[in-house]
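Heads up, query39.csv below (CSV, C-alpha atoms):
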```
chain,number,residue,atom,x,y,z
A,1,MET,CA,-14.1,23.6,-40.0
A,2,SER,CA,-11.8,21.1,-41.5
A,3,SER,CA,-9.8,18.1,-40.3
A,4,ILE,CA,-6.6,19.4,-38.6
A,5,LYS,CA,-3.8,17.8,-36.5
A,6,VAL,CA,-4.6,18.2,-32.8
A,7,TRP,CA,-2.9,15.4,-30.9
A,8,ASP,CA,0.8,15.1,-31.4
A,9,LEU,CA,2.4,11.7,-31.7
A,10,PRO,CA,3.9,11.5,-28.1
A,11,THR,CA,0.4,12.2,-26.7
A,12,ARG,CA,-1.1,9.4,-28.7
A,13,PHE,CA,1.6,6.9,-28.0
A,14,PHE,CA,1.4,7.8,-24.3
A,15,HIS,CA,-2.4,7.3,-24.4
A,16,TRP,CA,-2.4,3.8,-26.0
A,17,LEU,CA,0.7,2.6,-24.1
A,18,LEU,CA,-1.2,3.7,-20.9
A,19,VAL,CA,-4.3,1.8,-22.0
A,20,LEU,CA,-2.2,-1.3,-22.7
A,21,SER,CA,-0.3,-1.1,-19.4
A,22,PHE,CA,-3.3,-0.3,-17.2
A,23,VAL,CA,-5.5,-3.0,-18.7
A,24,GLY,CA,-2.6,-5.5,-18.6
A,25,ALA,CA,-2.0,-4.6,-14.9
A,26,PHE,CA,-5.6,-5.2,-14.1
A,27,LEU,CA,-5.7,-8.6,-15.9
A,28,THR,CA,-2.5,-9.7,-14.1
A,29,ALA,CA,-3.6,-8.6,-10.6
A,30,GLU,CA,-5.3,-11.8,-9.4
A,31,SER,CA,-2.6,-14.4,-9.6
A,32,GLU,CA,0.9,-14.7,-8.1
A,33,ARG,CA,1.9,-16.4,-11.4
A,34,ASN,CA,1.7,-13.0,-13.1
A,35,ARG,CA,3.1,-10.9,-10.3
A,36,ASP,CA,6.3,-10.0,-12.1
A,37,LEU,CA,4.4,-8.9,-15.2
A,38,HIS,CA,1.9,-7.0,-13.1
A,39,VAL,CA,4.8,-5.1,-11.3
A,40,LEU,CA,6.5,-4.3,-14.6
A,41,LEU,CA,3.3,-2.9,-16.1
A,42,GLY,CA,2.8,-0.8,-12.9
A,43,TYR,CA,6.3,0.7,-13.4
A,44,THR,CA,5.4,1.4,-17.0
A,45,VAL,CA,2.2,3.2,-15.9
A,46,LEU,CA,4.3,5.3,-13.5
A,47,GLY,CA,7.0,6.1,-16.1
A,48,LEU,CA,4.4,7.0,-18.7
A,49,ILE,CA,2.5,9.3,-16.4
A,50,VAL,CA,5.7,11.1,-15.3
A,51,PHE,CA,6.4,11.7,-19.0
A,52,ARG,CA,2.8,13.0,-19.5
A,53,LEU,CA,3.1,15.4,-16.6
A,54,LEU,CA,6.3,16.9,-18.2
A,55,TRP,CA,4.6,16.9,-21.6
A,56,GLY,CA,1.7,18.8,-20.0
A,57,PHE,CA,4.0,21.7,-19.5
A,58,ILE,CA,6.3,21.6,-22.6
A,59,GLY,CA,4.2,19.7,-25.1
A,60,SER,CA,2.3,21.0,-28.1
A,61,ARG,CA,-0.7,23.2,-27.7
A,62,TYR,CA,-3.5,20.8,-26.9
A,63,ALA,CA,-1.3,18.5,-24.8
A,64,ARG,CA,-0.6,21.3,-22.3
A,65,PHE,CA,-2.5,21.5,-19.0
A,66,SER,CA,-3.0,25.2,-19.6
A,67,ASN,CA,-5.1,24.2,-22.6
A,68,PHE,CA,-7.6,21.9,-20.8
A,69,VAL,CA,-7.4,22.5,-17.0
A,70,CYS,CA,-10.3,24.9,-16.3
A,71,THR,CA,-11.8,26.5,-13.2
A,72,PRO,CA,-14.7,24.6,-11.5
A,73,LYS,CA,-17.0,27.4,-12.8
A,74,VAL,CA,-16.1,26.7,-16.4
A,75,VAL,CA,-16.5,23.0,-15.9
A,76,VAL,CA,-20.0,23.4,-14.3
A,77,LEU,CA,-21.1,25.8,-17.0
A,78,TYR,CA,-19.9,23.3,-19.7
A,79,LEU,CA,-21.8,20.4,-18.0
A,80,CYS,CA,-25.0,22.6,-17.9
A,81,GLN,CA,-24.5,23.3,-21.6
A,82,LEU,CA,-23.9,19.7,-22.3
A,83,ILE,CA,-27.2,18.6,-20.7
A,84,LYS,CA,-29.0,21.1,-22.9
A,85,ASN,CA,-27.0,19.8,-25.9
A,86,GLN,CA,-25.6,23.3,-26.4
A,87,ALA,CA,-22.0,22.5,-25.5
A,88,PRO,CA,-19.5,24.5,-27.5
A,89,HIS,CA,-17.0,22.4,-29.6
A,90,SER,CA,-13.6,22.1,-28.1
A,91,VAL,CA,-10.6,21.6,-30.5
A,92,GLY,CA,-8.6,19.8,-27.7
A,93,HIS,CA,-10.1,18.3,-24.5
A,94,ASN,CA,-13.4,19.8,-23.4
A,95,PRO,CA,-13.5,21.2,-19.8
A,96,ALA,CA,-15.2,18.1,-18.3
A,97,GLY,CA,-12.8,15.7,-20.1
A,98,GLY,CA,-9.9,17.8,-18.7
A,99,VAL,CA,-11.1,17.1,-15.1
A,100,VAL,CA,-11.2,13.3,-15.7
A,101,ILE,CA,-7.7,13.4,-17.3
A,102,VAL,CA,-6.1,15.2,-14.4
A,103,LEU,CA,-7.8,12.7,-12.0
A,104,LEU,CA,-6.7,9.7,-14.2
A,105,LEU,CA,-3.1,11.0,-14.0
A,106,LEU,CA,-3.3,11.5,-10.2
A,107,PHE,CA,-4.9,8.1,-9.5
A,108,GLY,CA,-2.4,6.5,-11.9
A,109,ILE,CA,0.5,7.8,-9.8
A,110,ALA,CA,-1.2,6.9,-6.5
A,111,SER,CA,-2.0,3.4,-7.8
A,112,SER,CA,1.5,2.7,-9.0
A,113,LEU,CA,3.2,4.2,-6.0
A,114,SER,CA,1.0,2.3,-3.6
A,115,GLY,CA,1.6,-0.9,-5.6
A,116,TRP,CA,5.3,-0.3,-5.4
A,117,ALA,CA,5.0,0.0,-1.6
A,118,VAL,CA,3.1,-3.3,-1.4
A,119,TYR,CA,5.7,-5.0,-3.6
A,120,GLU,CA,8.6,-3.7,-1.5
A,121,ASP,CA,6.9,-4.6,1.8
A,122,ILE,CA,6.8,-1.0,2.9
A,123,GLY,CA,4.3,-0.2,5.7
A,124,ALA,CA,3.6,-3.9,6.8
A,125,ASP,CA,0.9,-4.6,4.3
A,126,SER,CA,-1.1,-1.5,5.1
A,127,PHE,CA,-0.8,-0.3,1.5
A,128,THR,CA,-2.5,-3.4,0.1
A,129,GLU,CA,-6.0,-2.3,0.6
A,130,TRP,CA,-5.2,1.3,-0.5
A,131,HIS,CA,-3.7,-0.1,-3.7
A,132,GLU,CA,-6.8,-2.1,-4.5
A,133,LEU,CA,-9.1,0.8,-3.6
A,134,ILE,CA,-7.2,3.3,-5.7
A,135,SER,CA,-6.8,1.0,-8.7
A,136,ASN,CA,-10.6,0.2,-8.6
A,137,ALA,CA,-11.3,4.0,-8.4
A,138,MET,CA,-9.0,4.4,-11.5
A,139,LEU,CA,-10.9,1.7,-13.3
A,140,ALA,CA,-14.1,3.7,-12.5
A,141,LEU,CA,-12.5,6.8,-13.9
A,142,VAL,CA,-11.5,5.0,-17.1
A,143,CYS,CA,-15.1,4.0,-17.5
A,144,ILE,CA,-16.2,7.6,-17.0
A,145,HIS,CA,-13.6,8.7,-19.5
A,146,VAL,CA,-14.7,6.2,-22.1
A,147,ALA,CA,-18.4,7.0,-21.5
A,148,GLY,CA,-17.6,10.7,-21.9
A,149,VAL,CA,-15.7,10.1,-25.2
A,150,VAL,CA,-18.6,8.0,-26.6
A,151,VAL,CA,-21.2,10.6,-25.6
A,152,SER,CA,-19.2,13.5,-26.9
A,153,SER,CA,-18.5,11.6,-30.1
A,154,TYR,CA,-22.2,11.2,-30.6
A,155,LEU,CA,-23.2,14.8,-29.7
A,156,GLN,CA,-20.4,16.4,-31.8
A,157,GLY,CA,-20.8,14.0,-34.7
A,158,GLU,CA,-17.0,13.4,-34.5
A,159,ASN,CA,-15.2,10.1,-33.9
A,160,LEU,CA,-13.0,11.0,-30.9
A,161,ILE,CA,-11.6,7.5,-30.6
A,162,ALA,CA,-10.3,7.7,-34.2
A,163,ALA,CA,-9.0,11.2,-33.3
A,164,MET,CA,-6.7,9.6,-30.7
A,165,ILE,CA,-5.4,7.3,-33.4
A,166,THR,CA,-5.0,9.7,-36.3
A,167,GLY,CA,-4.4,12.8,-34.2
A,168,LYS,CA,-6.9,14.6,-36.3
A,169,LYS,CA,-10.0,16.5,-35.2
A,170,LEU,CA,-12.3,19.2,-36.6
A,171,GLY,CA,-11.1,22.8,-36.3
A,172,ASP,CA,-9.9,25.8,-38.2
A,173,VAL,CA,-6.7,25.4,-40.2
A,174,ASN,CA,-4.9,28.0,-38.1
A,175,GLN,CA,-5.7,26.0,-34.9
A,176,ALA,CA,-3.7,23.0,-36.0
A,177,ILE,CA,-0.5,22.1,-34.2
A,178,THR,CA,2.6,22.7,-36.3
A,179,SER,CA,4.6,19.7,-35.3
A,180,ASN,CA,3.9,16.0,-34.6
A,181,VAL,CA,7.1,15.7,-32.5
A,182,ALA,CA,7.4,12.2,-33.9
A,183,SER,CA,11.0,11.7,-32.9
A,184,LEU,CA,10.2,12.1,-29.2
A,185,ALA,CA,7.2,9.7,-29.6
A,186,TRP,CA,9.5,7.0,-31.0
A,187,LEU,CA,12.0,7.6,-28.2
A,188,VAL,CA,9.2,7.1,-25.7
A,189,LEU,CA,8.1,3.9,-27.4
A,190,VAL,CA,11.7,2.5,-27.6
A,191,MET,CA,12.2,3.3,-23.9
A,192,VAL,CA,9.0,1.5,-22.9
A,193,ILE,CA,9.7,-1.6,-25.0
A,194,GLY,CA,13.4,-1.4,-23.9
A,195,LEU,CA,12.2,-1.5,-20.3
A,196,TRP,CA,10.0,-4.5,-21.0
A,197,LEU,CA,12.7,-6.4,-22.8
A,198,TRP,CA,15.3,-5.6,-20.1
A,199,ALA,CA,13.1,-6.3,-17.1
A,200,TRP,CA,11.2,-9.3,-18.3
A,201,PRO,CA,12.9,-11.8,-20.8
A,202,ALA,CA,9.5,-13.3,-21.7
A,203,ALA,CA,8.6,-9.8,-23.1
A,204,LYS,CA,10.4,-10.9,-26.3
A,205,ASP,CA,7.0,-12.4,-27.1
A,206,LEU,CA,5.7,-8.9,-27.5
A,207,ASN,CA,7.8,-8.2,-30.6
A,208,TRP,CA,4.6,-8.4,-32.6
A,209,LEU,CA,3.5,-5.2,-30.9
A,210,LEU,CA,6.5,-3.4,-32.3
A,211,HIS,CA,5.8,-4.6,-35.8
A,212,MET,CA,2.1,-3.5,-35.4
A,213,ILE,CA,3.0,0.0,-34.3
A,214,VAL,CA,5.6,0.4,-37.1
A,215,TRP,CA,2.9,-0.7,-39.6
A,216,TRP,CA,0.4,1.7,-38.1
A,217,GLN,CA,2.7,4.7,-38.4
B,218,MET,CA,-2.8,10.4,39.1
B,219,LYS,CA,-0.3,7.5,38.6
B,220,GLN,CA,-3.1,5.0,39.5
B,221,LEU,CA,-5.4,6.7,37.0
B,222,ALA,CA,-2.7,6.4,34.3
B,223,ILE,CA,-2.1,2.7,35.1
B,224,GLY,CA,-5.9,2.0,35.1
B,225,PHE,CA,-6.2,3.8,31.7
B,226,LEU,CA,-3.3,1.9,30.2
B,227,SER,CA,-4.7,-1.5,31.4
B,228,LEU,CA,-8.0,-0.6,29.9
B,229,ILE,CA,-6.2,0.0,26.6
B,230,ALA,CA,-4.4,-3.3,27.0
B,231,ILE,CA,-7.7,-5.1,27.6
B,232,ALA,CA,-9.3,-3.4,24.7
B,233,GLN,CA,-6.3,-4.4,22.5
B,234,SER,CA,-6.4,-8.0,23.6
B,235,LEU,CA,-10.1,-8.1,22.9
B,236,ARG,CA,-9.5,-6.7,19.5
B,237,ALA,CA,-6.4,-8.6,18.3
B,238,GLU,CA,-7.4,-12.0,16.9
B,239,GLN,CA,-5.5,-15.1,17.8
B,240,PRO,CA,-4.8,-18.1,15.5
B,241,GLN,CA,-7.2,-20.1,17.7
B,242,ASP,CA,-10.0,-17.7,16.9
B,243,ILE,CA,-9.4,-18.1,13.2
B,244,ILE,CA,-9.3,-21.9,13.6
B,245,LEU,CA,-12.6,-21.8,15.5
B,246,SER,CA,-14.4,-19.8,12.9
B,247,HIS,CA,-13.1,-22.3,10.2
B,248,ALA,CA,-14.4,-25.2,12.4
B,249,LEU,CA,-17.8,-23.5,12.6
B,250,GLN,CA,-17.9,-23.2,8.8
B,251,ALA,CA,-16.6,-26.7,8.2
B,252,LYS,CA,-19.3,-28.1,10.5
B,253,GLN,CA,-21.9,-26.1,8.4
B,254,ASP,CA,-20.4,-27.5,5.2
B,255,ASN,CA,-20.3,-31.1,6.4
B,256,ALA,CA,-22.3,-32.5,9.2
B,257,ASP,CA,-19.8,-35.3,9.7
B,258,PHE,CA,-16.9,-32.8,10.4
B,259,LEU,CA,-14.5,-34.4,12.9
B,260,GLY,CA,-12.1,-31.6,13.6
B,261,PHE,CA,-8.8,-30.5,12.0
B,262,ASP,CA,-5.7,-32.6,11.7
B,263,SER,CA,-2.2,-31.3,11.4
B,264,HIS,CA,-0.9,-34.3,9.5
B,265,ARG,CA,-3.6,-33.8,6.9
B,266,GLY,CA,-2.7,-30.1,6.8
B,267,GLU,CA,1.0,-31.0,6.3
B,268,GLN,CA,0.1,-33.3,3.4
B,269,PHE,CA,-2.1,-30.7,1.9
B,270,PHE,CA,0.6,-28.0,2.3
B,271,LYS,CA,3.3,-30.1,0.6
B,272,SER,CA,1.3,-31.6,-2.3
B,273,GLN,CA,0.2,-30.4,-5.7
B,274,HIS,CA,-3.5,-30.4,-6.4
B,275,ASN,CA,-5.8,-30.9,-9.4
B,276,GLY,CA,-2.9,-31.4,-11.8
B,277,GLY,CA,-1.4,-28.0,-10.9
B,278,ASP,CA,2.4,-27.5,-10.9
B,279,TRP,CA,2.5,-25.6,-7.6
B,280,SER,CA,2.0,-26.6,-4.0
B,281,CYS,CA,1.9,-24.2,-1.0
B,282,ALA,CA,5.5,-25.4,-0.4
B,283,SER,CA,6.6,-24.1,-3.8
B,284,CYS,CA,6.9,-20.6,-2.3
B,285,HIS,CA,6.7,-21.2,1.5
B,286,THR,CA,9.1,-24.2,1.3
B,287,ASP,CA,8.8,-27.6,3.0
B,288,ASN,CA,9.7,-26.0,6.3
B,289,PRO,CA,7.3,-23.2,7.3
B,290,THR,CA,9.4,-22.2,10.2
B,291,VAL,CA,12.0,-20.6,7.8
B,292,ALA,CA,11.5,-17.8,5.3
B,293,GLY,CA,10.0,-18.7,1.9
B,294,LEU,CA,11.0,-17.6,-1.6
B,295,HIS,CA,8.4,-16.4,-4.1
B,296,THR,CA,9.0,-18.8,-7.1
B,297,VAL,CA,8.2,-16.1,-9.7
B,298,THR,CA,9.6,-12.9,-8.2
B,299,LYS,CA,12.3,-14.5,-6.1
B,300,LYS,CA,11.3,-12.2,-3.2
B,301,GLU,CA,11.6,-13.5,0.4
B,302,ILE,CA,8.3,-14.4,2.2
B,303,GLU,CA,8.3,-14.3,6.0
B,304,PRO,CA,7.9,-17.7,7.8
B,305,MET,CA,4.3,-19.0,8.1
B,306,ALA,CA,4.6,-20.7,11.5
B,307,PRO,CA,3.2,-18.5,14.3
B,308,SER,CA,5.9,-19.9,16.6
B,309,VAL,CA,8.6,-18.0,14.7
B,310,ASN,CA,6.3,-15.3,13.2
B,311,PRO,CA,3.7,-14.3,15.8
B,312,ALA,CA,2.0,-11.9,13.3
B,313,ARG,CA,0.7,-14.8,11.3
B,314,PHE,CA,-3.1,-15.7,11.6
B,315,THR,CA,-4.0,-12.6,13.7
B,316,ASN,CA,-6.2,-10.9,11.1
B,317,THR,CA,-9.2,-12.8,9.7
B,318,SER,CA,-9.6,-10.6,6.6
B,319,LYS,CA,-5.9,-10.8,5.7
B,320,VAL,CA,-5.9,-14.6,6.2
B,321,GLU,CA,-9.0,-15.1,4.0
B,322,LYS,CA,-7.7,-12.7,1.3
B,323,TRP,CA,-4.4,-14.7,1.0
B,324,PHE,CA,-6.1,-18.1,1.2
B,325,LYS,CA,-8.5,-17.0,-1.6
B,326,ARG,CA,-5.6,-15.6,-3.8
B,327,ASN,CA,-3.2,-18.4,-3.2
B,328,CYS,CA,-5.7,-21.3,-3.4
B,329,LYS,CA,-6.7,-20.1,-6.8
B,330,ASP,CA,-3.0,-20.3,-7.9
B,331,VAL,CA,-2.4,-23.8,-6.3
B,332,LEU,CA,-5.8,-25.6,-6.7
B,333,SER,CA,-7.5,-23.5,-9.4
B,334,ARG,CA,-10.4,-23.1,-6.9
B,335,GLU,CA,-11.0,-21.7,-3.4
B,336,CYS,CA,-10.1,-23.9,-0.4
B,337,THR,CA,-12.7,-25.4,1.8
B,338,ALA,CA,-12.9,-24.5,5.5
B,339,GLN,CA,-11.7,-28.1,6.3
B,340,GLU,CA,-8.6,-27.6,4.2
B,341,LYS,CA,-7.8,-24.1,5.6
B,342,GLY,CA,-8.4,-25.3,9.2
B,343,ASP,CA,-6.1,-28.3,8.6
B,344,VAL,CA,-3.3,-26.1,7.2
B,345,ILE,CA,-3.5,-23.6,10.1
B,346,THR,CA,-3.5,-26.4,12.6
B,347,TYR,CA,-0.4,-27.8,10.9
B,348,LEU,CA,1.4,-24.5,10.9
B,349,MET,CA,0.3,-24.0,14.6
B,350,SER,CA,1.9,-27.4,15.5
B,351,LEU,CA,5.3,-26.4,14.4
B,352,ASN,CA,7.9,-25.3,17.0
B,353,ARG,CA,10.9,-23.1,16.2
```
Rewrite the structure from the file as structure tokens, please.
Amino acid sequence: MSSIKVWDLPTRFFHWLLVLSFVGAFLTAESERNRDLHVLLGYTVLGLIVFRLLWGFIGSRYARFSNFVCTPKVVVLYLCQLIKNQAPHSVGHNPAGGVVIVLLLLFGIASSLSGWAVYEDIGADSFTEWHELISNAMLALVCIHVAGVVVSSYLQGENLIAAMITGKKLGDVNQAITSNVASLAWLVLVMVIGLWLWAWPAAKDLNWLLHMIVWWQ
Amino acid sequence: MKQLAIGFLSLIAIAQSLRAEQPQDIILSHALQAKQDNADFLGFDSHRGEQFFKSQHNGGDWSCASCHTDNPTVAGLHTVTKKEIEPMAPSVNPARFTNTSKVEKWFKRNCKDVLSRECTAQEKGDVITYLMSLNR
């Protein structure tokens, strides 16, 4: 096995933009002073996940749902193998990780839509508690996701966090994706930053982020 | 049959009235808490509540009135999002102070923004007493 390209650039940009937006939304949830920023980050979460759902059907090999959504039987079998430390190596997401990712996407949509209902005063405050419950459940899913990544990294002897930055994982040369789809990734990034600048003048302070990402690429 | 239906409906109405909280109930529970916090508790005062509502605290730049305006019988305006906030006075907005958990949730959230701490039962009781004293 050698180091091959597995995660295309749109998938990686989506991942880290979602991390930033979700963590930011959590940090701005407690005060009315940050309400506008919180709502903006919630819209960003929704937009990003809508993109990811589309990308799950038309994206490159390992970004597609068909690559990592497995039947319950396969997932249970994988977990049993994992306990015995006999889990097979997955080039993309492993079956258990796939479950958490689908849940994260669903809870992300539920969280942002319920938050939107709260903000627009739909349903006379009845969505407030749902919004908090769903968002806390999503935080729990994030913790499970991170724990899974750390455990798998250890068991596989492969840094999976670095893989989501570089896009590279271990696999056979013929398993590599053929295109990084970089132009679409930059379009996504420009759209997200454009939304922030348009919706929230203070977002100009986030220009450093743009420089950082350009430097990273 | 008709009598049965009327009896059934009045049972529901009684159950509803037992369940729905009134601002007085919420004031009472704050009075019990205030008495527990301070043995010298002398009751709530609408003037003190009004003063509290309209002033800034602990060097902060917001008061309650920053969003709810100096006149709680009219709609307020969120100073950050510019969204309308329904009036706080129960005389014009009877839905106010009818749900303890909602009241406590918003006191907790908003007191942190205005005072950088949670409000005491005395302060909350004074403010509700003030809002209750306002006529349309």
- Message: When you look at Gln239 of chain B with a cut-off of 8 Å (counting all atoms listed in the file), what residues show up, excluding the ones that are within fewer than 6 positions of it in the same chain? I need them as a PyMOL selection string.
- Response: chain B and resi 314-316
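The shell of residues at most 10 Å from Ile49 of chain A, with only C-alpha atoms counted and near chain neighbours (fewer than 2 positions) removed, consists of Phe14, His15, Leu18, Tyr43, Thr44, Val45, Leu46, Gly47, Phe51, Arg52, Leu53, Leu54, Trp55, Leu104, Leu105, Leu106, Gly108, Ile109 and Ser112 of chain A.
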- Message: Please determine, counting all atoms listed in the file, which residue among A:Met164, A:Leu40, A:Leu82, A:Ala176 has the shortest atom-to-atom distance to Gly148 of chain A.
- Response: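 Using all atoms listed in the file, the shortest distance to Gly148 of chain A belongs to A:Leu82.
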- Task: Kindly determine which residues of chain B lie within 9 Å of chain A, considering only C-alpha atoms, and give the answer as JSON, numbers by chain.
- Result: {"B": [295, 296, 297, 298, 326, 327, 329, 330]}
- Figure out the distance between atom CA of Gly98 of chain A and atom CA of Ala185 of chain A, please, to one decimal in Å.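 These two atoms are separated by 21.8 Å.
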- Could you check how far atom CA of Thr317 of chain B sits from atom CA of Lys341 of chain B, in Å to one decimal? 12.1 Å
- Message: One number please: atom CA of Trp323 of chain B to atom CA of Val291 of chain B, in Å, one decimal.
- Response: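 For atom CA of Trp323 of chain B relative to atom CA of Val291 of chain B, the distance reads 18.7 Å.
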